Amino acid sequence: MSIQHVAVIGAGTMGNGIAHVFAQSGFDVTLIDVQTAQLEKAIQTIQKNLDRQVAKEVITEADKNAALGRIKTAVSVEEGVAKADLVVEATTENTTLKLNIFKSMDHHAPAHCILATNTSSISITQIAAVTSRPSKVIGMHFMNPVPVMKLVEIINGYATDKDVTETIVQLSKKLGKIPCAVNDYPGFIANRILMPMINEAIYSLFEGVAGVEEIDTVMKLGMAHPMGPLQLADFIGLDVCLSILRVLHDGFGNPKYAPCPLLINMVTAGKLGVKSGEGFYIYTSGSKNLVVSNSFQK
Ligand code: NAD
């Protein structure tokens with residue numbers, strides 16, 4: 001099936017990156033968010049990231065302008081998905097919210113439209129079950145930052161049609177990505193393995209085994225990770241990490257996935273990492289060196 005018009009719902013950390021890669025690859029994009037301020041911020045971020053690509057001579061100024069020209073914005077799902085061949089949902093990691101959005105998408109998108117979600121952990125089968133087209137619902141899990149990271153984890157729900165999977169696999173390749181198809185169990189592959197590691201790093205800090213910098217340094221230098229697990233958690237968003245751990249904990253019923261109380265406290269206090277300006281580290285615009293949050297300084 002041919003895909004030309006893509007709607008992206010949610011213009012946060014992931015949504016702006018997803019809109020960016022589709023527009024840069026020649027697709028018409030409608031970026032949808034309930035918050036006008038988020039839409040404005042997303043367009044600025046896309047512009048800044050495209051400028052960086054021009055500076056590195058990855059794309060030309062004309063490519064940048066063409067990509068920006070392909071992105072429209074909308075504040076309502078109803079309006080935004082009306083002409084879509086594919087919708088990629090990238091709203092907050094909350095099951096109730098996503099189920100409601102999928103009901104609305106199903107109602108307003110054309111019958112041929114594939115409904116994809118960028119969820120990190122929520123069941124594709126459960127999401128598909130609230131629509132009238134479960135065979136056309138699939139997980140399309142991009143990695144952060146989307147314009148840079150090559151992987152797209154493609155998740156087949158219980159009812160996902162093989163042709164739909166093939167369409168999304170081929171589409172991911174057109175975006176310059178490397179697709180990897182997996183089945184629908186809590187956390188899929190990426191977060192089933194990543195989140196317990198991040199949680200264990202937070203437990204190590206909580207129990208006083210080591211400080212923020214020591215934990216990240218051990219994992220960076222010892223395991224050749226490009227970023228330590230606490231910095232990575234800040235980058236993903238501590239609220240997102242907590243939501244994923246809760247899905248793993250509920251889904252498997254295994255106490256090994258219980259989120260660390262320190263993570264719960266930080267999210268409750270609004271310390272969400274990069275997006276709120278502070279998590280395990282402090283993020284002030286323009287600062288190049290990582291500064292550990294006052295809460296964890298020795
Ligand atoms: P975010 O908090 O940065 O952005 C979420 C956006 O959704 C916000 O702009 C919010 O205004 C919008 N939103 C909320 N309700 C809405 C509604 N009803 N209609 C339209 N927009 C609505 O979140 P994020 O980090 O971009 O995560 C989005 C999704 O991507 C989540 O499912 C998350 O699990 C997944 N994901 C996140 C990462 C990551 O590193 N942050 C990586 C892969 C996947």
# chains A, B, ... in the order shown; residues from 1 in each chain; ligands from 1

call {"tool": "select_by_dssp", "arguments": {"residues": "range 19-171 of chain A", "states": "strand (DSSP E)", "output": "PyMOL selection string"}}
result
chain A and resi 28-32+71-74+86-89+114-117+137-142+151-156

call {"tool": "closest_atom_pairs", "arguments": {"of": "chain A", "to": "ligand 1", "cutoff": "8 Å", "atoms": "only C-alpha atoms and all ligand atoms", "output": "JSON lines"}}
result
{"residue": "A:Ile9", "atom": "CA", "partner": "ligand 1", "partner_atom_place_in_ligand_line": "20 (C)", "distance": 5.4}
{"residue": "A:Gly10", "atom": "CA", "partner": "ligand 1", "partner_atom_place_in_ligand_line": "7 (O)", "distance": 3.8}
{"residue": "A:Ala11", "atom": "CA", "partner": "ligand 1", "partner_atom_place_in_ligand_line": "9 (O)", "distance": 4.4}
{"residue": "A:Gly12", "atom": "CA", "partner": "ligand 1", "partner_atom_place_in_ligand_line": "4 (O)", "distance": 3.3}
{"residue": "A:Thr13", "atom": "CA", "partner": "ligand 1", "partner_atom_place_in_ligand_line": "26 (O)", "distance": 3.7}
{"residue": "A:Met14", "atom": "CA", "partner": "ligand 1", "partner_atom_place_in_ligand_line": "26 (O)", "distance": 3.7}
{"residue": "A:Gly15", "atom": "CA", "partner": "ligand 1", "partner_atom_place_in_ligand_line": "26 (O)", "distance": 5.5}
{"residue": "A:Asn16", "atom": "CA", "partner": "ligand 1", "partner_atom_place_in_ligand_line": "26 (O)", "distance": 7.9}
{"residue": "A:Ile32", "atom": "CA", "partner": "ligand 1", "partner_atom_place_in_ligand_line": "20 (C)", "distance": 5.8}
{"residue": "A:Asp33", "atom": "CA", "partner": "ligand 1", "partner_atom_place_in_ligand_line": "21 (N)", "distance": 3.7}
{"residue": "A:Val34", "atom": "CA", "partner": "ligand 1", "partner_atom_place_in_ligand_line": "20 (C)", "distance": 4.6}
{"residue": "A:Gln35", "atom": "CA", "partner": "ligand 1", "partner_atom_place_in_ligand_line": "11 (O)", "distance": 5.2}
{"residue": "A:Gln38", "atom": "CA", "partner": "ligand 1", "partner_atom_place_in_ligand_line": "9 (O)", "distance": 5.3}
{"residue": "A:Leu39", "atom": "CA", "partner": "ligand 1", "partner_atom_place_in_ligand_line": "9 (O)", "distance": 7.5}
{"residue": "A:Val75", "atom": "CA", "partner": "ligand 1", "partner_atom_place_in_ligand_line": "20 (C)", "distance": 7.3}
{"residue": "A:Ser76", "atom": "CA", "partner": "ligand 1", "partner_atom_place_in_ligand_line": "19 (N)", "distance": 7.2}
{"residue": "A:Val77", "atom": "CA", "partner": "ligand 1", "partner_atom_place_in_ligand_line": "19 (N)", "distance": 6.8}
{"residue": "A:Glu89", "atom": "CA", "partner": "ligand 1", "partner_atom_place_in_ligand_line": "29 (C)", "distance": 7.5}
{"residue": "A:Ala90", "atom": "CA", "partner": "ligand 1", "partner_atom_place_in_ligand_line": "29 (C)", "distance": 4.1}
{"residue": "A:Thr91", "atom": "CA", "partner": "ligand 1", "partner_atom_place_in_ligand_line": "7 (O)", "distance": 3.5}
{"residue": "A:Thr92", "atom": "CA", "partner": "ligand 1", "partner_atom_place_in_ligand_line": "5 (C)", "distance": 4.2}
{"residue": "A:Glu93", "atom": "CA", "partner": "ligand 1", "partner_atom_place_in_ligand_line": "32 (O)", "distance": 3.9}
{"residue": "A:Asn94", "atom": "CA", "partner": "ligand 1", "partner_atom_place_in_ligand_line": "32 (O)", "distance": 7.3}
{"residue": "A:Leu97", "atom": "CA", "partner": "ligand 1", "partner_atom_place_in_ligand_line": "18 (N)", "distance": 6.5}
{"residue": "A:Lys98", "atom": "CA", "partner": "ligand 1", "partner_atom_place_in_ligand_line": "18 (N)", "distance": 7.9}
{"residue": "A:Asn100", "atom": "CA", "partner": "ligand 1", "partner_atom_place_in_ligand_line": "18 (N)", "distance": 8.0}
{"residue": "A:Ile101", "atom": "CA", "partner": "ligand 1", "partner_atom_place_in_ligand_line": "18 (N)", "distance": 6.3}
{"residue": "A:Thr117", "atom": "CA", "partner": "ligand 1", "partner_atom_place_in_ligand_line": "32 (O)", "distance": 7.4}
{"residue": "A:Asn118", "atom": "CA", "partner": "ligand 1", "partner_atom_place_in_ligand_line": "30 (O)", "distance": 5.0}
{"residue": "A:Thr119", "atom": "CA", "partner": "ligand 1", "partner_atom_place_in_ligand_line": "32 (O)", "distance": 3.6}
{"residue": "A:Ser120", "atom": "CA", "partner": "ligand 1", "partner_atom_place_in_ligand_line": "34 (O)", "distance": 4.1}
{"residue": "A:Ser121", "atom": "CA", "partner": "ligand 1", "partner_atom_place_in_ligand_line": "34 (O)", "distance": 6.7}
{"residue": "A:Ile122", "atom": "CA", "partner": "ligand 1", "partner_atom_place_in_ligand_line": "32 (O)", "distance": 7.9}
{"residue": "A:His141", "atom": "CA", "partner": "ligand 1", "partner_atom_place_in_ligand_line": "44 (C)", "distance": 5.9}
{"residue": "A:Phe142", "atom": "CA", "partner": "ligand 1", "partner_atom_place_in_ligand_line": "43 (C)", "distance": 5.5}
{"residue": "A:Met143", "atom": "CA", "partner": "ligand 1", "partner_atom_place_in_ligand_line": "43 (C)", "distance": 4.9}
{"residue": "A:Asn144", "atom": "CA", "partner": "ligand 1", "partner_atom_place_in_ligand_line": "40 (O)", "distance": 4.7}
{"residue": "A:Pro145", "atom": "CA", "partner": "ligand 1", "partner_atom_place_in_ligand_line": "40 (O)", "distance": 7.3}
{"residue": "A:Phe235", "atom": "CA", "partner": "ligand 1", "partner_atom_place_in_ligand_line": "40 (O)", "distance": 6.5}
{"residue": "A:Ile236", "atom": "CA", "partner": "ligand 1", "partner_atom_place_in_ligand_line": "40 (O)", "distance": 3.5}
{"residue": "A:Gly237", "atom": "CA", "partner": "ligand 1", "partner_atom_place_in_ligand_line": "41 (N)", "distance": 5.6}
{"residue": "A:Val240", "atom": "CA", "partner": "ligand 1", "partner_atom_place_in_ligand_line": "34 (O)", "distance": 5.6}
{"residue": "A:Cys241", "atom": "CA", "partner": "ligand 1", "partner_atom_place_in_ligand_line": "34 (O)", "distance": 8.0}
{"residue": "A:Ser243", "atom": "CA", "partner": "ligand 1", "partner_atom_place_in_ligand_line": "34 (O)", "distance": 7.7}
{"residue": "A:Ile244", "atom": "CA", "partner": "ligand 1", "partner_atom_place_in_ligand_line": "34 (O)", "distance": 7.0}
{"residue": "A:Lys275", "atom": "CA", "partner": "ligand 1", "partner_atom_place_in_ligand_line": "3 (O)", "distance": 7.3}

call {"tool": "write_last_selection", "arguments": {"atoms": "N, CA and C atoms", "output": "compact mmCIF listing (two decimals), in the first residue's frame"}}
result
# COMPACT_ATOMS: atom_id res chain seq x y z
N ILE A 9 0.91 12.14 16.13
CA ILE A 9 0.16 12.73 17.27
C ILE A 9 1.07 12.78 18.50
N GLY A 10 1.25 14.01 19.03
CA GLY A 10 2.16 14.23 20.16
C GLY A 10 3.42 14.89 19.61
N ALA A 11 3.69 16.13 20.06
CA ALA A 11 4.83 16.87 19.52
C ALA A 11 5.92 17.06 20.57
N GLY A 12 6.09 16.04 21.43
CA GLY A 12 7.12 16.13 22.48
C GLY A 12 8.47 15.65 21.99
N THR A 13 9.25 15.08 22.91
CA THR A 13 10.61 14.61 22.60
C THR A 13 10.63 13.76 21.34
N MET A 14 9.74 12.78 21.25
CA MET A 14 9.76 11.83 20.13
C MET A 14 9.01 12.35 18.91
N GLY A 15 7.85 12.99 19.14
CA GLY A 15 7.00 13.41 18.03
C GLY A 15 7.71 14.35 17.07
N ASN A 16 8.52 15.29 17.62
CA ASN A 16 9.19 16.22 16.70
C ASN A 16 10.22 15.49 15.85
N ILE A 32 0.41 16.80 15.32
CA ILE A 32 -0.76 17.16 16.13
C ILE A 32 -0.41 17.16 17.62
N ASP A 33 -0.83 18.19 18.33
CA ASP A 33 -0.66 18.19 19.80
C ASP A 33 -1.78 19.03 20.39
N VAL A 34 -2.17 18.72 21.63
CA VAL A 34 -3.21 19.51 22.29
C VAL A 34 -2.66 20.86 22.75
N GLN A 35 -1.33 20.94 22.89
CA GLN A 35 -0.73 22.19 23.37
C GLN A 35 -0.07 22.95 22.22
N GLN A 38 3.64 23.39 22.59
CA GLN A 38 4.45 22.22 22.25
C GLN A 38 4.69 22.15 20.74
N LEU A 39 3.65 22.52 19.97
CA LEU A 39 3.79 22.50 18.51
C LEU A 39 4.82 23.53 18.06
N VAL A 75 -4.23 21.07 16.07
CA VAL A 75 -4.47 20.86 17.50
C VAL A 75 -5.56 19.82 17.76
N SER A 76 -6.19 19.33 16.71
CA SER A 76 -7.19 18.29 16.96
C SER A 76 -6.92 17.04 16.13
N VAL A 77 -7.13 15.89 16.76
CA VAL A 77 -6.92 14.60 16.09
C VAL A 77 -7.86 14.51 14.89
N GLU A 89 1.30 7.50 16.58
CA GLU A 89 0.93 8.14 17.85
C GLU A 89 2.15 8.18 18.75
N ALA A 90 2.49 9.38 19.27
CA ALA A 90 3.66 9.54 20.15
C ALA A 90 3.29 10.46 21.31
N THR A 91 2.16 10.17 21.96
CA THR A 91 1.75 10.97 23.12
C THR A 91 2.30 10.33 24.38
N THR A 92 2.01 10.96 25.50
CA THR A 92 2.49 10.53 26.81
C THR A 92 2.25 9.03 27.04
N GLU A 93 3.22 8.38 27.72
CA GLU A 93 3.13 6.92 27.94
C GLU A 93 2.10 6.62 29.04
N ASN A 94 0.83 6.64 28.65
CA ASN A 94 -0.26 6.41 29.61
C ASN A 94 -1.33 5.59 28.89
N LEU A 97 -4.89 7.21 28.22
CA LEU A 97 -4.78 8.27 27.20
C LEU A 97 -4.66 7.65 25.81
N LYS A 98 -3.77 6.66 25.69
CA LYS A 98 -3.54 6.07 24.35
C LYS A 98 -4.81 5.35 23.85
N ASN A 100 -7.89 6.09 24.48
CA ASN A 100 -8.84 7.12 24.04
C ASN A 100 -8.43 7.71 22.70
N ILE A 101 -7.13 7.96 22.54
CA ILE A 101 -6.65 8.54 21.28
C ILE A 101 -6.86 7.55 20.13
N THR A 117 1.78 3.01 16.84
CA THR A 117 2.09 3.71 18.09
C THR A 117 3.58 3.61 18.36
N ASN A 118 4.12 4.69 18.92
CA ASN A 118 5.53 4.72 19.29
C ASN A 118 5.70 4.32 20.76
N THR A 119 4.66 3.70 21.35
CA THR A 119 4.75 3.33 22.76
C THR A 119 6.03 2.56 23.06
N SER A 120 6.57 2.78 24.27
CA SER A 120 7.79 2.10 24.69
C SER A 120 7.46 0.75 25.30
N SER A 121 6.22 0.53 25.69
CA SER A 121 5.96 -0.68 26.48
C SER A 121 4.51 -1.15 26.49
N ILE A 122 3.57 -0.29 26.16
CA ILE A 122 2.15 -0.65 26.32
C ILE A 122 1.73 -1.65 25.23
N HIS A 141 8.35 1.67 17.00
CA HIS A 141 9.07 2.22 18.15
C HIS A 141 10.40 2.81 17.71
N PHE A 142 10.39 4.15 17.53
CA PHE A 142 11.61 4.86 17.16
C PHE A 142 12.46 5.07 18.41
N MET A 143 13.75 5.29 18.21
CA MET A 143 14.67 5.53 19.33
C MET A 143 15.03 7.01 19.39
N ASN A 144 15.43 7.46 20.54
CA ASN A 144 15.71 8.87 20.82
C ASN A 144 17.22 9.14 20.75
N PRO A 145 17.70 10.14 20.04
CA PRO A 145 17.00 11.09 19.17
C PRO A 145 16.70 10.47 17.79
N PHE A 235 17.78 11.62 29.79
CA PHE A 235 17.56 11.90 28.38
C PHE A 235 16.22 11.34 27.92
N ILE A 236 15.89 10.14 28.36
CA ILE A 236 14.61 9.51 27.99
C ILE A 236 13.45 10.27 28.64
N GLY A 237 13.65 10.72 29.87
CA GLY A 237 12.58 11.33 30.69
C GLY A 237 12.28 10.37 31.83
N VAL A 240 8.87 8.89 31.77
CA VAL A 240 8.72 7.82 30.77
C VAL A 240 9.30 6.51 31.34
N CYS A 241 10.49 6.61 31.97
CA CYS A 241 11.12 5.40 32.57
C CYS A 241 10.18 4.78 33.61
N SER A 243 6.89 5.05 33.88
CA SER A 243 5.72 4.44 33.24
C SER A 243 6.07 3.07 32.66
N ILE A 244 7.23 2.97 32.02
CA ILE A 244 7.62 1.70 31.39
C ILE A 244 7.84 0.63 32.47
N LYS A 275 14.06 17.27 29.92
CA LYS A 275 12.89 18.08 29.54
C LYS A 275 12.42 19.04 30.63

call {"tool": "residues_around", "arguments": {"residues": "Ile198 in chain A", "least_positions_apart": "3", "cutoff": "6 Å", "atoms": "only C-alpha atoms", "output": "list in words"}}
result
Met195, Ala201 and Pro229 of chain A

call {"tool": "select_by_dssp", "arguments": {"residues": "range 173-262 of chain A", "states": "helix (DSSP H, G or I)", "output": "ChimeraX atom specification"}}
result
/A:173-174,190-206,212-223,229-236,238-252,255-257,261-262

call {"tool": "atom_distance", "arguments": {"atom1": "CA of Lys64 in chain A", "atom2": "CA of Thr30 in chain A"}}
result
16.9 Å
